[in-house]
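Q: Next up, run_0.pdb (PDB, C-alpha atoms).
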MODEL        1
ATOM      1  CA  MET A 109     -18.982  -0.796  -6.483
ATOM      2  CA  LYS A 110     -16.720  -3.683  -5.616
ATOM      3  CA  ARG A 111     -17.076  -5.142  -9.084
ATOM      4  CA  TYR A 112     -15.226  -2.149 -10.482
ATOM      5  CA  GLU A 113     -12.479  -2.120  -7.901
ATOM      6  CA  TRP A 114     -11.448  -5.761  -8.157
ATOM      7  CA  THR A 115     -11.064  -5.728 -11.927
ATOM      8  CA  THR A 116      -8.773  -2.741 -12.036
ATOM      9  CA  GLY A 117      -6.987  -3.774  -8.845
ATOM     10  CA  ALA A 118      -6.276  -7.221 -10.250
ATOM     11  CA  VAL A 119      -4.715  -5.739 -13.384
ATOM     12  CA  LEU A 120      -2.514  -3.561 -11.156
ATOM     13  CA  GLY A 121      -1.331  -6.684  -9.339
ATOM     14  CA  TYR A 122      -3.179  -6.286  -6.051
ATOM     15  CA  THR A 123      -4.385  -9.266  -4.064
ATOM     16  CA  ASP A 124      -5.879  -7.317  -1.129
ATOM     17  CA  TYR A 125      -9.198  -5.722  -1.874
ATOM     18  CA  ALA A 126      -8.917  -2.579   0.281
ATOM     19  CA  GLU A 127      -5.407  -1.900  -0.988
ATOM     20  CA  ALA A 128      -6.710  -1.947  -4.554
ATOM     21  CA  ALA A 129      -9.698   0.233  -3.644
ATOM     22  CA  ASN A 130      -7.338   2.874  -2.201
ATOM     23  CA  ASP A 131      -4.951   3.002  -5.153
ATOM     24  CA  PRO A 132      -5.186   6.469  -6.790
ATOM     25  CA  ALA A 133      -5.680   4.971 -10.263
ATOM     26  CA  VAL A 134      -8.554   2.807  -9.012
ATOM     27  CA  VAL A 135     -10.059   5.735  -7.103
ATOM     28  CA  GLN A 136      -9.996   7.841 -10.267
ATOM     29  CA  ILE A 137     -11.749   5.162 -12.317
ATOM     30  CA  MET A 138     -14.296   4.654  -9.533
ATOM     31  CA  GLU A 139     -15.064   8.370  -9.485
ATOM     32  CA  GLU A 140     -15.555   8.366 -13.259
ATOM     33  CA  VAL A 141     -17.789   5.299 -13.180
ATOM     34  CA  CYS A 142     -19.828   6.645 -10.258
ATOM     35  CA  ARG A 143     -20.379  10.012 -11.919
ATOM     36  CA  SER A 144     -22.018   8.494 -14.996
ATOM     37  CA  LEU A 145     -23.645   5.574 -13.236
ATOM     38  CA  ASN A 146     -25.176   7.786 -10.562
ATOM     39  CA  GLN A 147     -26.580  10.071 -13.227
ATOM     40  CA  SER A 148     -28.150   7.243 -15.207
ATOM     41  CA  LEU A 149     -29.496   5.372 -12.160
ATOM     42  CA  SER A 150     -31.062   8.486 -10.689
ATOM     43  CA  ARG A 151     -32.861   9.111 -13.959
ATOM     44  CA  ARG A 152     -33.962   5.521 -14.321
ATOM     45  CA  TYR A 153     -35.267   5.087 -10.785
ATOM     46  CA  GLY A 154     -36.505   8.623 -10.130
ATOM     47  CA  ILE A 155     -34.196   9.426  -7.228
ATOM     48  CA  THR A 156     -32.031  12.496  -6.884
ATOM     49  CA  GLU A 157     -28.447  12.372  -8.052
ATOM     50  CA  MET A 158     -27.440  13.430  -4.548
ATOM     51  CA  GLU A 159     -29.195  10.416  -2.995
ATOM     52  CA  GLN A 160     -27.565   8.082  -5.483
ATOM     53  CA  ALA A 161     -24.152   9.718  -5.035
ATOM     54  CA  GLU A 162     -24.399   9.329  -1.251
ATOM     55  CA  PHE A 163     -25.318   5.654  -1.649
ATOM     56  CA  SER A 164     -22.357   5.109  -3.998
ATOM     57  CA  ALA A 165     -19.968   6.955  -1.703
ATOM     58  CA  ARG A 166     -20.947   4.712   1.228
ATOM     59  CA  ALA A 167     -20.286   1.626  -0.887
ATOM     60  CA  VAL A 168     -16.899   2.928  -2.022
ATOM     61  CA  ARG A 169     -15.872   3.818   1.543
ATOM     62  CA  LYS A 170     -16.823   0.336   2.720
ATOM     63  CA  PHE A 171     -14.522  -1.302   0.208
ATOM     64  CA  GLN A 172     -11.719   1.147   0.978
ATOM     65  CA  ASN A 173     -11.884   0.214   4.672
ATOM     66  CA  ARG A 174      -8.571  -1.499   5.378
ATOM     67  CA  SER A 175      -9.933  -3.166   8.517
ATOM     68  CA  ILE A 176     -12.206  -5.324   6.336
ATOM     69  CA  ARG A 177      -9.965  -8.112   5.086
ATOM     70  CA  ASP A 178     -10.972  -9.401   1.676
ATOM     71  CA  THR A 179      -9.204 -10.611  -1.437
ATOM     72  CA  ILE A 180      -9.377  -9.794  -5.109
ATOM     73  CA  GLU A 181      -9.485 -13.511  -5.874
ATOM     74  CA  ARG A 182     -12.631 -14.078  -3.814
ATOM     75  CA  ASN A 183     -14.403 -11.129  -5.416
ATOM     76  CA  ALA A 184     -13.231 -11.992  -8.911
ATOM     77  CA  ARG A 185     -14.575 -15.523  -8.965
ATOM     78  CA  ASP A 186     -16.779 -16.356 -11.910
ATOM     79  CA  VAL A 187     -15.722 -13.460 -14.122
ATOM     80  CA  GLN A 188     -17.603 -15.033 -17.029
ATOM     81  CA  ARG A 189     -20.922 -14.712 -15.222
ATOM     82  CA  LYS A 190     -20.112 -11.173 -14.107
ATOM     83  CA  LEU A 191     -19.778 -10.188 -17.756
ATOM     84  CA  GLY A 192     -23.320 -11.396 -18.466
ATOM     85  CA  PRO A 193     -26.023  -9.050 -19.802
ATOM     86  CA  ARG A 194     -27.897  -8.840 -16.492
ATOM     87  CA  GLU A 195     -24.853  -8.777 -14.280
ATOM     88  CA  ARG A 196     -22.437  -6.409 -12.593
ATOM     89  CA  MET A 197     -20.751  -4.728 -15.522
ATOM     90  CA  ILE A 198     -22.819  -5.048 -18.646
ATOM     91  CA  ALA A 199     -26.236  -4.242 -17.146
ATOM     92  CA  PRO A 200     -25.021  -0.896 -15.732
ATOM     93  CA  LEU A 201     -23.184  -0.163 -18.976
ATOM     94  CA  LEU A 202     -26.391  -0.713 -20.931
ATOM     95  CA  ILE A 203     -28.316   1.568 -18.554
ATOM     96  CA  MET A 204     -25.660   4.256 -18.950
ATOM     97  CA  LYS A 205     -25.926   3.971 -22.724
ATOM     98  CA  GLU A 206     -29.722   4.139 -22.543
ATOM     99  CA  TYR A 207     -29.482   7.501 -20.776
ATOM    100  CA  GLU A 208     -26.623   8.675 -23.009
ATOM    101  CA  CYS A 209     -24.136   8.907 -20.154
ATOM    102  CA  ASP A 210     -20.396   8.540 -20.594
ATOM    103  CA  THR A 211     -19.485   4.835 -20.554
ATOM    104  CA  SER A 212     -15.729   5.169 -21.069
ATOM    105  CA  ALA A 213     -14.718   4.366 -17.467
ATOM    106  CA  LEU A 214     -16.972   1.311 -17.322
ATOM    107  CA  GLU A 215     -15.555   0.182 -20.667
ATOM    108  CA  LYS A 216     -12.091   0.285 -19.033
ATOM    109  CA  VAL A 217     -13.356  -1.768 -16.110
ATOM    110  CA  THR A 218     -14.971  -4.290 -18.449
ATOM    111  CA  ALA A 219     -11.721  -4.563 -20.397
ATOM    112  CA  ALA A 220      -9.894  -5.199 -17.115
ATOM    113  CA  ALA A 221     -12.370  -7.978 -16.278
ATOM    114  CA  VAL A 222     -11.811  -9.544 -19.698
ATOM    115  CA  LEU A 223      -8.043  -9.380 -19.184
ATOM    116  CA  TYR A 224      -8.397 -10.887 -15.708
ATOM    117  CA  GLY A 225     -10.473 -13.714 -17.148
ATOM    118  CA  GLU A 226      -7.883 -14.340 -19.820
ATOM    119  CA  ARG A 227      -4.970 -14.302 -17.358
ATOM    120  CA  THR A 228      -6.692 -16.702 -14.969
ATOM    121  CA  GLY A 229      -8.021 -19.009 -17.687
ATOM    122  CA  THR A 230     -11.567 -18.452 -16.442
ATOM    123  CA  LEU A 231     -12.917 -16.692 -19.523
ATOM    124  CA  LYS A 232     -14.308 -19.370 -21.823
ATOM    125  CA  LEU A 233     -16.183 -19.919 -25.061
ATOM    126  CA  ASP A 234     -17.629 -23.323 -25.828
ATOM    127  CA  GLY A 235     -16.018 -24.612 -22.635
ATOM    128  CA  GLU A 236     -12.482 -23.696 -23.748
ATOM    129  CA  PRO A 237     -10.337 -20.923 -22.266
ATOM    130  CA  VAL A 238     -10.242 -17.850 -24.502
ATOM    131  CA  GLU A 239      -6.707 -17.176 -25.664
ATOM    132  CA  ASN A 240      -7.296 -13.847 -27.389
ATOM    133  CA  PRO A 241     -10.458 -12.151 -26.121
ATOM    134  CA  ALA A 242      -9.990  -9.161 -28.436
ATOM    135  CA  GLU A 243     -10.828 -11.421 -31.373
ATOM    136  CA  CYS A 244     -14.070 -12.726 -29.884
ATOM    137  CA  LEU A 245     -15.442  -9.866 -27.790
ATOM    138  CA  GLY A 246     -18.602  -9.879 -29.900
ATOM    139  CA  GLU A 247     -19.286 -13.448 -28.819
ATOM    140  CA  LEU A 248     -18.356 -12.814 -25.180
ATOM    141  CA  LEU A 249     -20.357  -9.587 -24.895
ATOM    142  CA  SER A 250     -23.006 -10.114 -27.551
ATOM    143  CA  GLU A 251     -25.481  -7.596 -26.115
ATOM    144  CA  LEU A 252     -23.141  -4.657 -26.768
ATOM    145  CA  ASP A 253     -23.058  -2.587 -29.936
ATOM    146  CA  GLU A 254     -19.974  -2.534 -32.149
ATOM    147  CA  GLU A 255     -18.888   0.945 -31.045
ATOM    148  CA  THR A 256     -18.827  -0.120 -27.390
ATOM    149  CA  LEU A 257     -17.074  -3.384 -28.240
ATOM    150  CA  SER A 258     -14.466  -1.412 -30.175
ATOM    151  CA  GLN A 259     -13.795   0.802 -27.151
ATOM    152  CA  ILE A 260     -13.535  -2.198 -24.822
ATOM    153  CA  ARG A 261     -11.182  -3.862 -27.297
ATOM    154  CA  LYS A 262      -8.948  -0.747 -27.346
ATOM    155  CA  GLU A 263      -8.899  -0.622 -23.554
ATOM    156  CA  TYR A 264      -8.145  -4.336 -23.339
ATOM    157  CA  GLU A 265      -5.176  -3.949 -25.692
ATOM    158  CA  ARG A 266      -3.935  -0.923 -23.720
ATOM    159  CA  LEU A 267      -4.202  -2.874 -20.461
ATOM    160  CA  ARG A 268      -2.332  -5.851 -21.912
ATOM    161  CA  MET A 269       0.536  -3.497 -22.664
ATOM    162  CA  GLY A 270       0.541  -2.156 -19.102
ATOM    163  CA  PHE A 271      -1.898  -0.150 -17.030
ATOM    164  CA  SER A 272      -1.696   3.616 -17.467
TER     165      SER A 272
ENDMDL
END
Starting from the coordinates I provided, produce the structure as structure tokens.
A:
Amino acid sequence: MKRYEWTTGAVLGYTDYAEAANDPAVVQIMEEVCRSLNQSLSRRYGITEMEQAEFSARAVRKFQNRSIRDTIERNARDVQRKLGPRERMIAPLLIMKEYECDTSALEKVTAAAVLYGERTGTLKLDGEPVENPAECLGELLSELDEETLSQIRKEYERLRMGFS
């Protein structure tokens, strides 16, 4: 779950992980992601939605624990890798699509990760920092279909204008 909290928290300007994870906007996105992700994972792995929801809730609570000191920067390292097809954002998104679950919240999170990568100069193509990710999302996230890329692009543009 932490992969979803740091991206949105970073866009909101947080540096402390637990502070970001407790922000109402981040909590709302986490709830939306968990709802669809839990549904798709329970179907894929043959576990009950309740079991998966309990597992997710424990993970969320852990990252909301203010006594655990952690930073967005530490968790956000290597954003490029985390946008890979078998990694923290795209693999779950593809599973959600496979089971026809709502992917809109995870598209927002992915857009936030792209924006974070752009802002930190860590999102690259051909070894060069990407200056306008909206123009090359297809290259950055090549395993996604055009409809999903279009939604991520819209979310990215919305986030660039200010989180709401």
Q: Give me, as JSON lines, each residue of stretch 173-253 of chain A that comes within 7 Å of stretch 258-263 of chain A, together with its shortest interatomic pair and the distance in Å at one decimal, counting all atoms listed in the file, with rows ordered by chain and rising residue number.
A:
{"residue": "A:Glu215", "atom": "CA", "partner": "A:Ile260", "partner_atom": "CA", "distance": 5.2}
{"residue": "A:Lys216", "atom": "CA", "partner": "A:Glu263", "partner_atom": "CA", "distance": 5.6}
{"residue": "A:Thr218", "atom": "CA", "partner": "A:Ile260", "partner_atom": "CA", "distance": 6.9}
{"residue": "A:Ala219", "atom": "CA", "partner": "A:Ile260", "partner_atom": "CA", "distance": 5.3}
{"residue": "A:Ala242", "atom": "CA", "partner": "A:Arg261", "partner_atom": "CA", "distance": 5.5}
Q: Using only C-alpha atoms, please write the residues we just selected to a file, as a PDB file, in the coordinates of the input.
A:
ATOM      1  CA  GLU A 215     -15.555   0.182 -20.667  1.00  0.00           C
ATOM      2  CA  LYS A 216     -12.091   0.285 -19.033  1.00  0.00           C
ATOM      3  CA  THR A 218     -14.971  -4.290 -18.449  1.00  0.00           C
ATOM      4  CA  ALA A 219     -11.721  -4.563 -20.397  1.00  0.00           C
ATOM      5  CA  ALA A 242      -9.990  -9.161 -28.436  1.00  0.00           C
TER       6      ALA A 242
END
Q: Would you write out, as a VMD selection string, every residue that the PyMOL selection byres ((chain A and resi 195-210) around 10) captures in this file?
A: chain A and resid 109 to 112 140 to 141 143 to 149 151 to 152 187 to 194 211 to 215 217 to 218 221 249 251 to 253 256
Q: Quick check, in Å to one decimal: how far apart do atom CA of A:Ala184 and atom CA of A:Gln160 lie?
A: 24.9 Å
Q: Which residues come within 9 Å of A:Gly270, counting all atoms listed in the file, excluding same-chain residues fewer than 4 positions away, as a ChimeraX atom specification?
A: /A:119-120,265-266
Q: Nearest to A:Thr228 among A:Arg169, A:Tyr125, A:Ala118, A:Gly246, with distances taken over only C-alpha atoms: which residue is it?
A: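 When distances to A:Thr228 are compared using only C-alpha atoms, the smallest one comes from A:Ala118.
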Q: So what do you get for atom CA of A:Val135 versus atom CA of A:Ala220, distance-wise?
A: 14.8 Å
Q: Using atom CA of A:Ile176 and atom CA of A:Ala126 as the two end points, give the distance in Å to one decimal.
A: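 That distance, rounded to one decimal, is 7.4 Å.
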Q: With a distance cut-off of 12 Å and only C-alpha atoms, select the neighbouring residues of A:Asp124, excluding the residue or stretch itself and same-chain residues fewer than 6 positions from it, and output the selection as a short mmCIF file (atom, residue, chain, number, x, y, z; two decimals) with C-alpha atoms, keeping the file's coordinate frame.
A:
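Once written, out-v4.cif looks like this:
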data_model
loop_
_atom_site.label_atom_id
_atom_site.label_comp_id
_atom_site.auth_asym_id
_atom_site.auth_seq_id
_atom_site.Cartn_x
_atom_site.Cartn_y
_atom_site.Cartn_z
CA GLU A 113 -12.48 -2.12 -7.90
CA TRP A 114 -11.45 -5.76 -8.16
CA GLY A 117 -6.99 -3.77 -8.85
CA ALA A 118 -6.28 -7.22 -10.25
CA ASN A 130 -7.34 2.87 -2.20
CA ASP A 131 -4.95 3.00 -5.15
CA PHE A 171 -14.52 -1.30 0.21
CA GLN A 172 -11.72 1.15 0.98
CA ASN A 173 -11.88 0.21 4.67
CA ARG A 174 -8.57 -1.50 5.38
CA SER A 175 -9.93 -3.17 8.52
CA ILE A 176 -12.21 -5.32 6.34
CA ARG A 177 -9.96 -8.11 5.09
CA ASP A 178 -10.97 -9.40 1.68
CA THR A 179 -9.20 -10.61 -1.44
CA ILE A 180 -9.38 -9.79 -5.11
CA GLU A 181 -9.48 -13.51 -5.87
CA ARG A 182 -12.63 -14.08 -3.81
CA ASN A 183 -14.40 -11.13 -5.42
CA ALA A 184 -13.23 -11.99 -8.91
#
Q: For A:Lys232, which residue out of A:Glu127, A:Asp186, A:Glu139, A:Glu255 is the nearest one, using only C-alpha atoms?
A: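 Looking only at the distances to A:Lys232, the closest residue turns out to be A:Asp186.
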Q: With distances taken over only C-alpha atoms, which residue among A:Leu248, A:Ala129, A:Ala161, A:Ala167 lies nearest A:Asp234?
A: A:Leu248
